[in-house]
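What follows is the content of work13.cif (mmCIF, C-alpha atoms).
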data_my_file
#
loop_
_atom_site.group_PDB
_atom_site.id
_atom_site.type_symbol
_atom_site.label_atom_id
_atom_site.label_comp_id
_atom_site.auth_asym_id
_atom_site.auth_seq_id
_atom_site.Cartn_x
_atom_site.Cartn_y
_atom_site.Cartn_z
ATOM 1 C CA MET I 100 15.963 -14.520 41.288
ATOM 2 C CA GLU I 101 17.660 -11.271 42.275
ATOM 3 C CA ARG I 102 15.258 -8.827 43.910
ATOM 4 C CA ARG I 103 16.149 -6.181 41.362
ATOM 5 C CA TYR I 104 14.456 -8.279 38.683
ATOM 6 C CA GLU I 105 11.447 -9.539 40.645
ATOM 7 C CA ARG I 106 9.180 -6.990 38.952
ATOM 8 C CA ASN I 107 10.140 -8.430 35.564
ATOM 9 C CA ILE I 108 8.120 -11.505 36.626
ATOM 10 C CA PRO I 109 5.707 -12.823 35.347
ATOM 11 C CA ALA I 110 5.846 -10.622 32.220
ATOM 12 C CA LEU I 111 9.134 -12.428 31.704
ATOM 13 C CA SER I 112 9.758 -15.902 33.070
ATOM 14 C CA ASP I 113 12.605 -16.616 35.445
ATOM 15 C CA GLN I 114 14.315 -18.530 32.652
ATOM 16 C CA GLU I 115 13.881 -15.608 30.230
ATOM 17 C CA CYS I 116 15.468 -13.242 32.753
ATOM 18 C CA ARG I 117 18.447 -15.579 33.065
ATOM 19 C CA LEU I 118 18.649 -15.770 29.286
ATOM 20 C CA LEU I 119 18.790 -11.963 29.043
ATOM 21 C CA ARG I 120 21.725 -11.926 31.451
ATOM 22 C CA SER I 121 23.635 -14.227 29.086
ATOM 23 C CA LYS I 122 23.083 -12.014 26.014
ATOM 24 C CA ARG I 123 25.413 -9.519 24.351
ATOM 25 C CA VAL I 124 24.173 -6.432 22.539
ATOM 26 C CA ALA I 125 25.818 -3.435 20.894
ATOM 27 C CA VAL I 126 24.139 -0.035 20.957
ATOM 28 C CA ILE I 127 25.508 2.102 18.159
ATOM 29 C CA GLY I 128 25.242 5.731 19.152
ATOM 30 C CA CYS I 129 24.809 6.947 22.727
ATOM 31 C CA GLY I 130 22.845 10.101 21.948
ATOM 32 C CA GLY I 131 19.072 10.580 21.715
ATOM 33 C CA ILE I 132 17.883 7.068 20.906
ATOM 34 C CA GLY I 133 21.011 5.299 22.166
ATOM 35 C CA GLY I 134 20.911 6.822 25.639
ATOM 36 C CA TYR I 135 17.397 5.487 26.227
ATOM 37 C CA LEU I 136 18.254 2.120 24.638
ATOM 38 C CA ILE I 137 21.143 1.651 27.047
ATOM 39 C CA GLU I 138 18.984 2.635 30.011
ATOM 40 C CA LEU I 139 16.172 0.237 29.068
ATOM 41 C CA LEU I 140 18.433 -2.714 28.248
ATOM 42 C CA ALA I 141 20.400 -2.241 31.468
ATOM 43 C CA ARG I 142 17.267 -1.922 33.615
ATOM 44 C CA ILE I 143 15.673 -5.080 32.230
ATOM 45 C CA GLY I 144 18.886 -7.026 32.782
ATOM 46 C CA VAL I 145 20.785 -7.630 29.549
ATOM 47 C CA GLY I 146 24.172 -8.971 30.663
ATOM 48 C CA TYR I 147 26.555 -7.246 28.271
ATOM 49 C CA ILE I 148 26.189 -3.902 26.515
ATOM 50 C CA ARG I 149 28.719 -2.406 24.114
ATOM 51 C CA THR I 150 28.206 1.365 24.063
ATOM 52 C CA VAL I 151 29.538 2.902 20.877
ATOM 53 C CA ASP I 152 29.901 6.620 20.124
ATOM 54 C CA GLY I 153 32.822 8.776 19.026
ATOM 55 C CA ASP I 154 31.134 11.986 20.097
ATOM 56 C CA VAL I 155 31.233 14.142 23.222
ATOM 57 C CA PHE I 156 28.341 15.986 24.861
ATOM 58 C CA GLU I 157 27.490 19.489 23.759
ATOM 59 C CA GLU I 158 24.756 21.907 24.756
ATOM 60 C CA SER I 159 22.498 21.111 21.776
ATOM 61 C CA ASN I 160 22.129 17.516 23.082
ATOM 62 C CA PHE I 161 20.312 18.551 26.235
ATOM 63 C CA ASN I 162 16.784 18.823 24.821
ATOM 64 C CA ARG I 163 16.526 15.065 24.318
ATOM 65 C CA GLN I 164 19.564 12.987 25.301
ATOM 66 C CA LEU I 165 19.039 11.083 28.552
ATOM 67 C CA LEU I 166 22.759 10.706 29.277
ATOM 68 C CA SER I 167 23.567 14.391 28.788
ATOM 69 C CA GLU I 168 24.142 16.321 32.003
ATOM 70 C CA GLN I 169 25.700 19.711 32.614
ATOM 71 C CA PRO I 170 28.813 18.269 34.364
ATOM 72 C CA LEU I 171 29.412 15.983 31.357
ATOM 73 C CA MET I 172 29.806 18.763 28.770
ATOM 74 C CA GLY I 173 32.707 17.872 26.464
ATOM 75 C CA ARG I 174 32.953 14.335 27.886
ATOM 76 C CA PRO I 175 32.698 11.161 25.738
ATOM 77 C CA LYS I 176 29.193 9.761 25.382
ATOM 78 C CA ALA I 177 30.328 6.116 25.288
ATOM 79 C CA LYS I 178 32.044 6.520 28.662
ATOM 80 C CA ALA I 179 29.055 8.353 30.151
ATOM 81 C CA ALA I 180 26.910 5.402 29.074
ATOM 82 C CA GLU I 181 29.265 2.999 30.814
ATOM 83 C CA ALA I 182 29.159 5.035 34.020
ATOM 84 C CA ARG I 183 25.357 5.203 33.909
ATOM 85 C CA VAL I 184 25.013 1.426 33.538
ATOM 86 C CA GLN I 185 27.513 0.817 36.330
ATOM 87 C CA ARG I 186 25.431 3.046 38.604
ATOM 88 C CA ILE I 187 22.330 1.011 37.716
ATOM 89 C CA ASN I 188 23.934 -2.414 38.066
ATOM 90 C CA PRO I 189 27.693 -2.971 38.411
ATOM 91 C CA ARG I 190 27.237 -6.617 37.450
ATOM 92 C CA ILE I 191 26.355 -5.681 33.874
ATOM 93 C CA GLU I 192 29.408 -5.874 31.665
ATOM 94 C CA VAL I 193 29.807 -2.675 29.661
ATOM 95 C CA GLU I 194 32.332 -2.167 26.908
ATOM 96 C CA PRO I 195 32.544 1.496 25.921
ATOM 97 C CA VAL I 196 33.886 2.181 22.433
ATOM 98 C CA SER I 197 34.679 5.862 21.904
ATOM 99 C CA ALA I 198 34.841 5.641 18.122
ATOM 100 C CA TYR I 199 32.581 6.528 15.218
ATOM 101 C CA LEU I 200 31.166 3.683 13.202
ATOM 102 C CA ASP I 201 32.637 3.768 9.701
ATOM 103 C CA LYS I 202 33.737 1.265 7.068
ATOM 104 C CA ASN I 203 36.971 0.592 8.947
ATOM 105 C CA THR I 204 35.474 0.138 12.401
ATOM 106 C CA ALA I 205 32.067 -1.418 11.677
ATOM 107 C CA ALA I 206 33.032 -5.106 11.536
ATOM 108 C CA GLU I 207 34.793 -5.015 14.888
ATOM 109 C CA ILE I 208 32.070 -2.918 16.494
ATOM 110 C CA VAL I 209 29.338 -5.496 15.734
ATOM 111 C CA SER I 210 31.487 -8.588 16.302
ATOM 112 C CA GLY I 211 30.548 -11.097 18.981
ATOM 113 C CA CYS I 212 27.077 -9.670 19.615
ATOM 114 C CA ASP I 213 23.701 -11.425 19.593
ATOM 115 C CA LEU I 214 21.952 -8.259 18.476
ATOM 116 C CA VAL I 215 22.783 -4.726 17.341
ATOM 117 C CA LEU I 216 20.631 -1.674 18.061
ATOM 118 C CA ASP I 217 20.587 1.494 15.985
ATOM 119 C CA GLY I 218 21.024 4.737 17.881
ATOM 120 C CA LEU I 219 22.666 6.483 14.943
ATOM 121 C CA ASP I 220 21.792 9.949 13.694
ATOM 122 C CA ASN I 221 22.520 9.770 9.981
ATOM 123 C CA ILE I 222 21.707 7.717 6.905
ATOM 124 C CA ALA I 223 25.273 7.063 5.705
ATOM 125 C CA ALA I 224 26.281 5.382 8.969
ATOM 126 C CA ARG I 225 23.085 3.303 8.959
ATOM 127 C CA ARG I 226 23.970 1.920 5.530
ATOM 128 C CA ILE I 227 27.426 0.953 6.830
ATOM 129 C CA LEU I 228 25.951 -0.605 9.973
ATOM 130 C CA ALA I 229 23.354 -2.614 8.027
ATOM 131 C CA ALA I 230 26.083 -3.939 5.715
ATOM 132 C CA ALA I 231 28.316 -4.891 8.646
ATOM 133 C CA CYS I 232 25.448 -6.668 10.429
ATOM 134 C CA SER I 233 24.565 -8.565 7.243
ATOM 135 C CA GLU I 234 28.198 -9.580 6.840
ATOM 136 C CA ALA I 235 28.381 -10.726 10.461
ATOM 137 C CA GLY I 236 24.979 -12.454 10.309
ATOM 138 C CA VAL I 237 23.655 -10.401 13.224
ATOM 139 C CA PRO I 238 20.088 -9.036 13.380
ATOM 140 C CA TYR I 239 19.849 -5.286 13.615
ATOM 141 C CA ILE I 240 17.011 -3.263 15.138
ATOM 142 C CA HIS I 241 16.661 -0.025 13.256
ATOM 143 C CA GLY I 242 15.305 3.106 14.885
ATOM 144 C CA ALA I 243 15.255 6.672 13.618
ATOM 145 C CA ILE I 244 13.569 9.911 14.643
ATOM 146 C CA SER I 245 12.847 13.334 13.236
ATOM 147 C CA GLY I 246 10.761 16.092 14.758
ATOM 148 C CA TRP I 247 7.594 14.435 16.088
ATOM 149 C CA VAL I 248 8.157 11.147 14.237
ATOM 150 C CA ALA I 249 9.847 7.849 15.082
ATOM 151 C CA GLN I 250 10.231 4.687 13.024
ATOM 152 C CA VAL I 251 11.391 1.240 14.090
ATOM 153 C CA GLY I 252 11.955 -2.041 12.293
ATOM 154 C CA ILE I 253 13.914 -5.283 12.537
ATOM 155 C CA SER I 254 16.461 -5.898 9.806
ATOM 156 C CA MET I 255 17.564 -9.498 9.374
ATOM 157 C CA PRO I 256 20.931 -10.108 7.674
ATOM 158 C CA GLY I 257 20.715 -9.424 3.939
ATOM 159 C CA ASP I 258 17.044 -8.414 3.882
ATOM 160 C CA GLY I 259 17.704 -4.963 2.395
ATOM 161 C CA LEU I 260 15.447 -3.070 4.832
ATOM 162 C CA ILE I 261 17.771 -0.089 5.023
ATOM 163 C CA ASP I 262 18.031 0.139 1.219
ATOM 164 C CA ILE I 263 14.238 0.399 1.032
ATOM 165 C CA LEU I 264 14.009 3.005 3.800
ATOM 166 C CA TYR I 265 16.859 5.058 2.423
ATOM 167 C CA PRO I 266 17.026 4.732 -1.364
ATOM 168 C CA GLN I 267 19.922 6.540 -3.048
ATOM 169 C CA GLY I 268 19.248 10.264 -3.264
ATOM 170 C CA VAL I 269 16.939 10.399 -0.265
ATOM 171 C CA SER I 270 17.644 12.957 2.428
ATOM 172 C CA PHE I 271 15.806 14.237 5.473
ATOM 173 C CA ARG I 272 15.287 17.951 5.886
ATOM 174 C CA ASP I 273 13.913 18.134 9.402
ATOM 175 C CA ARG I 274 16.870 18.121 11.829
ATOM 176 C CA SER I 275 14.718 18.855 14.851
ATOM 177 C CA VAL I 276 14.030 16.162 17.442
ATOM 178 C CA LEU I 277 11.570 16.551 20.315
ATOM 179 C CA SER I 278 12.297 14.892 23.669
ATOM 180 C CA PHE I 279 9.593 12.217 23.476
ATOM 181 C CA ALA I 280 10.627 10.909 20.049
ATOM 182 C CA PRO I 281 13.860 9.148 21.129
ATOM 183 C CA SER I 282 12.274 7.662 24.259
ATOM 184 C CA LEU I 283 9.354 6.229 22.270
ATOM 185 C CA CYS I 284 11.654 4.974 19.521
ATOM 186 C CA ALA I 285 14.011 3.310 21.994
ATOM 187 C CA SER I 286 11.141 1.737 23.946
ATOM 188 C CA VAL I 287 9.794 0.038 20.827
ATOM 189 C CA GLN I 288 13.306 -1.058 19.804
ATOM 190 C CA ALA I 289 14.079 -2.377 23.298
ATOM 191 C CA ALA I 290 10.845 -4.390 23.453
ATOM 192 C CA LEU I 291 11.653 -5.964 20.078
ATOM 193 C CA ALA I 292 15.230 -6.600 21.229
ATOM 194 C CA VAL I 293 14.102 -8.359 24.399
ATOM 195 C CA LYS I 294 11.680 -10.533 22.426
ATOM 196 C CA MET I 295 14.394 -11.493 19.973
ATOM 197 C CA LEU I 296 16.932 -12.204 22.715
ATOM 198 C CA ILE I 297 14.592 -14.532 24.601
ATOM 199 C CA GLY I 298 13.286 -16.199 21.465
ATOM 200 C CA ARG I 299 9.746 -14.895 21.399
ATOM 201 C CA PRO I 300 8.165 -14.306 17.974
ATOM 202 C CA VAL I 301 8.702 -10.975 16.224
ATOM 203 C CA GLU I 302 7.604 -9.658 12.882
ATOM 204 C CA THR I 303 10.359 -8.891 10.410
ATOM 205 C CA GLY I 304 9.978 -6.942 7.173
ATOM 206 C CA THR I 305 7.847 -4.442 9.044
ATOM 207 C CA ILE I 306 8.237 -0.781 9.896
ATOM 208 C CA TYR I 307 6.424 0.738 12.842
ATOM 209 C CA TYR I 308 5.858 4.421 12.137
ATOM 210 C CA PHE I 309 4.778 6.811 14.900
ATOM 211 C CA ASP I 310 3.629 10.349 14.144
ATOM 212 C CA LEU I 311 3.177 11.973 17.551
ATOM 213 C CA LEU I 312 1.984 15.287 16.099
ATOM 214 C CA ASN I 313 -1.054 13.712 14.458
ATOM 215 C CA GLN I 314 -1.288 10.692 16.822
ATOM 216 C CA GLU I 315 -1.059 8.312 13.900
ATOM 217 C CA PHE I 316 0.635 4.944 14.314
ATOM 218 C CA GLU I 317 1.174 2.856 11.190
ATOM 219 C CA THR I 318 2.381 -0.708 10.724
ATOM 220 C CA ILE I 319 3.947 -0.951 7.273
ATOM 221 C CA ARG I 320 4.717 -4.383 5.863
ATOM 222 C CA LEU I 321 7.426 -4.351 3.237
ATOM 223 C CA ASP I 322 8.039 -7.056 0.644
ATOM 224 C CA LEU I 323 11.709 -7.438 1.452
ATOM 225 C CA GLY I 324 13.776 -9.211 -1.136
ATOM 226 C CA LYS I 325 10.972 -8.978 -3.689
ATOM 227 C CA LYS I 326 12.203 -6.251 -6.012
ATOM 228 C CA GLU I 327 9.495 -5.300 -8.451
ATOM 229 C CA MET X 587 -10.124 8.206 -8.518
ATOM 230 C CA ILE X 588 -6.787 7.643 -6.791
ATOM 231 C CA GLU X 589 -6.449 8.505 -3.118
ATOM 232 C CA VAL X 590 -3.081 9.887 -2.047
ATOM 233 C CA ARG X 591 -2.333 9.775 1.686
ATOM 234 C CA LEU X 592 0.509 11.943 2.920
ATOM 235 C CA PHE X 593 2.299 11.351 6.205
ATOM 236 C CA ALA X 594 4.215 13.532 8.658
ATOM 237 C CA THR X 595 6.145 16.419 7.054
ATOM 238 C CA LEU X 596 4.861 15.660 3.545
ATOM 239 C CA ARG X 597 1.581 17.132 4.822
ATOM 240 C CA GLN X 598 3.094 20.551 5.377
ATOM 241 C CA GLY X 599 1.335 22.904 2.971
ATOM 242 C CA ARG X 600 -0.766 20.036 1.627
ATOM 243 C CA GLU X 601 -3.840 18.081 2.629
ATOM 244 C CA LYS X 602 -3.637 14.828 4.598
ATOM 245 C CA SER X 603 -5.552 13.003 1.875
ATOM 246 C CA ILE X 604 -5.881 14.062 -1.748
ATOM 247 C CA MET X 605 -8.196 12.591 -4.383
ATOM 248 C CA LEU X 606 -6.877 12.630 -7.955
ATOM 249 C CA ASP X 607 -8.508 11.609 -11.222
ATOM 250 C CA SER X 608 -6.985 8.279 -12.269
ATOM 251 C CA LYS X 609 -7.132 9.342 -15.929
ATOM 252 C CA ASP X 610 -4.488 12.029 -15.285
ATOM 253 C CA PHE X 611 -1.962 9.954 -13.300
ATOM 254 C CA SER X 612 -0.538 6.656 -14.487
ATOM 255 C CA THR X 613 2.289 6.222 -11.917
ATOM 256 C CA PRO X 614 3.239 7.429 -8.407
ATOM 257 C CA GLY X 615 6.001 9.413 -10.148
ATOM 258 C CA ASP X 616 3.324 11.474 -11.923
ATOM 259 C CA ILE X 617 1.644 12.152 -8.590
ATOM 260 C CA LEU X 618 4.890 13.349 -6.987
ATOM 261 C CA LYS X 619 5.415 15.809 -9.837
ATOM 262 C CA HIS X 620 1.853 17.086 -9.484
ATOM 263 C CA LEU X 621 2.294 17.583 -5.727
ATOM 264 C CA ASP X 622 5.720 19.191 -6.192
ATOM 265 C CA ILE X 623 7.429 16.497 -4.114
ATOM 266 C CA ILE X 624 10.905 15.472 -5.229
ATOM 267 C CA PRO X 625 11.676 11.713 -5.065
ATOM 268 C CA GLY X 626 14.366 12.343 -2.410
ATOM 269 C CA GLU X 627 11.630 13.533 -0.047
ATOM 270 C CA VAL X 628 9.920 10.115 -0.079
ATOM 271 C CA SER X 629 11.226 7.125 1.833
ATOM 272 C CA ILE X 630 8.373 4.598 1.760
ATOM 273 C CA LEU X 631 5.891 4.451 -1.101
ATOM 274 C CA LEU X 632 2.917 2.124 -0.725
ATOM 275 C CA VAL X 633 0.208 1.294 -3.237
ATOM 276 C CA ASN X 634 -2.769 -0.400 -1.585
ATOM 277 C CA GLY X 635 -0.527 -1.159 1.387
ATOM 278 C CA PHE X 636 2.265 -2.785 -0.593
ATOM 279 C CA HIS X 637 5.707 -1.329 -1.097
ATOM 280 C CA LYS X 638 6.108 -0.169 -4.715
ATOM 281 C CA THR X 639 8.348 2.004 -6.879
ATOM 282 C CA LEU X 640 7.723 5.342 -8.607
ATOM 283 C CA ASP X 641 6.993 3.648 -11.946
ATOM 284 C CA GLU X 642 4.254 1.338 -10.644
ATOM 285 C CA LYS X 643 1.244 1.360 -12.975
ATOM 286 C CA LEU X 644 -1.730 2.803 -11.119
ATOM 287 C CA GLU X 645 -5.366 1.881 -11.533
ATOM 288 C CA ASP X 646 -8.631 3.534 -10.614
ATOM 289 C CA GLY X 647 -9.378 2.991 -6.921
ATOM 290 C CA ASP X 648 -5.728 2.659 -5.863
ATOM 291 C CA VAL X 649 -4.548 4.187 -2.599
ATOM 292 C CA VAL X 650 -1.042 5.650 -2.651
ATOM 293 C CA ALA X 651 0.695 6.350 0.678
ATOM 294 C CA LEU X 652 3.842 8.450 0.910
ATOM 295 C CA PHE X 653 6.134 8.603 3.967
ATOM 296 C CA PRO X 654 9.055 11.022 4.297
ATOM 297 C CA PRO X 655 12.496 9.778 5.332
ATOM 298 C CA VAL X 656 13.220 9.705 9.056
ATOM 299 C CA GLY X 657 16.935 9.694 9.670
ATOM 300 C CA GLY X 658 17.919 11.358 12.925
ATOM 301 C CA GLY X 659 18.755 9.909 16.305
#
Starting from the coordinates I provided, produce the structure as structure tokens.
Amino acid sequence: MERRYERNIPALSDQECRLLRSKRVAVIGCGGIGGYLIELLARIGVGYIRTVDGDVFEESNFNRQLLSEQPLMGRPKAKAAEARVQRINPRIEVEPVSAYLDKNTAAEIVSGCDLVLDGLDNIAARRILAAACSEAGVPYIHGAISGWVAQVGISMPGDGLIDILYPQGVSFRDRSVLSFAPSLCASVQAALAVKMLIGRPVETGTIYYFDLLNQEFETIRLDLGKKE
Amino acid sequence: MIEVRLFATLRQGREKSIMLDSKDFSTPGDILKHLDIIPGEVSILLVNGFHKTLDEKLEDGDVVALFPPVGGG
């Protein structure tokens, strides 16, 4: 056991830590949620992280995005994520992809991964990502934030979770995001990701909904695949 | 009576929980119209804790929960 992971034990077993080092994940979006996801997955010891984002840092990112720093203004987020992980642990393999996820890029972006994590910031891209993950047979851990609210859920291939969360015609008005929403969202996603990667039980077909303004935390069980 | 529970931004300008006479509202769609909420403002719609659609037939004693879409990152 490397000393850097000794404080993972006994919450994780030695074998589970080794298993994490053998796993490959893609984090789609390296902004608010994605920046924290990458940090958490790197710290706990996931062996390979693909960091995907076509965007560069701008001043409006600074209120919430962990990877944003003044010297990185105008620099690619995917590359900043790579550099951050390398500073944490150079033995983690990072593959930065400075491209937006769209219908042309999605299949390649999710290929060869055990798990995909959602750090996206819009509904259209989430629909594309969910379809690509279904096609590739890869589980996808959804996370989204708005204002004081965060929601998280596991989408298994073909379960239609994203179609339920974002029916046609739905749109979100609140474009604000407060600093604690992405960190909470990513923490819940990362915990679910670790459990899935090491084979511990997780609940699918469920949305965890956190309203930090009213301190209300809801567990919503959806009847996925049972259209009524 | 039907209890309507509103979450997050759907509460703005409205109460957290609203009691409606079940005789006046036969579906969640009717309730949205009454509360001046357009369908695009609702992501998850639950009746008695189960995911349902706007045309679900409601009964006296039902609890309807409405969650707004959360889409940022």
So, with only C-alpha atoms as the atoms that count, which of I:Thr305, I:Ser233, I:Gln267, I:Ser282 lies closest to I:Glu138?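 Distance minimum relative to I:Glu138 lands on I:Ser282.
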Give me the residues of chain X that have any atom at most 8 Å from an atom of chain I; for each, the nearest atom pair and the distance in Å, rounded to one decimal. Use all atoms listed in the file, sort by chain and number, and format it as a Markdown table.
| residue | atom | partner | partner_atom | distance |
| --- | --- | --- | --- | --- |
| X:Ala594 | CA | I:Asp310 | CA | 6.4 |
| X:Pro625 | CA | I:Val269 | CA | 7.2 |
| X:Gly626 | CA | I:Val269 | CA | 3.9 |
| X:Glu627 | CA | I:Val269 | CA | 6.2 |
| X:Val628 | CA | I:Val269 | CA | 7.0 |
| X:Ser629 | CA | I:Leu264 | CA | 5.3 |
| X:Ile630 | CA | I:Leu264 | CA | 6.2 |
| X:Gly635 | CA | I:Ile319 | CA | 7.4 |
| X:Phe636 | CA | I:Leu321 | CA | 6.6 |
| X:His637 | CA | I:Leu321 | CA | 5.6 |
| X:Lys638 | CA | I:Glu327 | CA | 7.2 |
| X:Thr639 | CA | I:Glu327 | CA | 7.6 |
| X:Pro654 | CA | I:Phe271 | CA | 7.6 |
| X:Pro655 | CA | I:Phe271 | CA | 5.6 |
| X:Val656 | CA | I:Ser245 | CA | 5.5 |
| X:Gly657 | CA | I:Ala243 | CA | 5.2 |
| X:Gly658 | CA | I:Asp220 | CA | 4.2 |
| X:Gly659 | CA | I:Asp220 | CA | 4.0 |
Just say which residues the PyMOL selection byres ((chain I and resi 293) around 12) picks in this file, as JSON, numbers by chain. {"I": [107, 110, 111, 115, 116, 118, 119, 120, 122, 123, 124, 136, 139, 140, 141, 142, 143, 144, 145, 146, 213, 214, 215, 216, 240, 285, 286, 287, 288, 289, 290, 291, 292, 294, 295, 296, 297, 298, 299, 300, 301]}
Which polymer residues have any atom within 9 Å of an atom of X:Pro614, counting all atoms listed in the file, with same-chain residues fewer than 5 positions away left out, as a PDB file with C-alpha atoms, in the frame of the given file?
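This is the output file around.pdb:
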ATOM      1  CA  LYS X 619       5.415  15.809  -9.837  1.00  0.00           C
ATOM      2  CA  LEU X 631       5.891   4.451  -1.101  1.00  0.00           C
ATOM      3  CA  VAL X 633       0.208   1.294  -3.237  1.00  0.00           C
ATOM      4  CA  LYS X 638       6.108  -0.169  -4.715  1.00  0.00           C
ATOM      5  CA  THR X 639       8.348   2.004  -6.879  1.00  0.00           C
ATOM      6  CA  LEU X 640       7.723   5.342  -8.607  1.00  0.00           C
ATOM      7  CA  ASP X 641       6.993   3.648 -11.946  1.00  0.00           C
ATOM      8  CA  GLU X 642       4.254   1.338 -10.644  1.00  0.00           C
ATOM      9  CA  LYS X 643       1.244   1.360 -12.975  1.00  0.00           C
ATOM     10  CA  LEU X 644      -1.730   2.803 -11.119  1.00  0.00           C
ATOM     11  CA  VAL X 650      -1.042   5.650  -2.651  1.00  0.00           C
TER      12      VAL X 650
END
Starting from the displayed file, determine the output of the PyMOL selection byres ((chain X and resi 595-609) around 8) and express the residue list as a ChimeraX atom specification. /X:587-594,610-612,627,644-647,652-654
Kindly give the distance, in Å, that separates atom CA of I:Ala198 and atom CA of I:Ile261, rounded to a single decimal.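 That distance, rounded to one decimal, is 22.3 Å.
Interatomic distance, atom CA of I:Ser121 to atom CA of I:Pro175: 27.2 Å.
Taking atom CA of I:Gly252 and atom CA of I:Arg117 as the two end points, the separation is 25.6 Å.
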Of the residues I:Arg149, I:Leu260, I:Gly134, I:Pro195, which is the one nearest to I:Leu166, using all atoms listed in the file? I:Gly134
With all atoms listed in the file as the atoms that count, which of I:Asp201, I:Glu302, I:Asp258, I:Glu105 lies nearest to I:Ala224? I:Asp201
Might I get the box with edges along x, y and z of the file that holds all atoms of stretch 177-195 of chain I listed there, padded by 8 Å on every side, given as centre and edge lengths in Å to one decimal, as lines of an AutoDock Vina configuration file?
center_x = 27.4
center_y = 0.9
center_z = 31.9
size_x = 26.2
size_y = 31.0
size_z = 29.3
Considering all atoms listed in the file, can you say which of I:Leu165, I:Val196, I:Ala125, I:Val184 comes closest to I:Cys212? I:Ala125
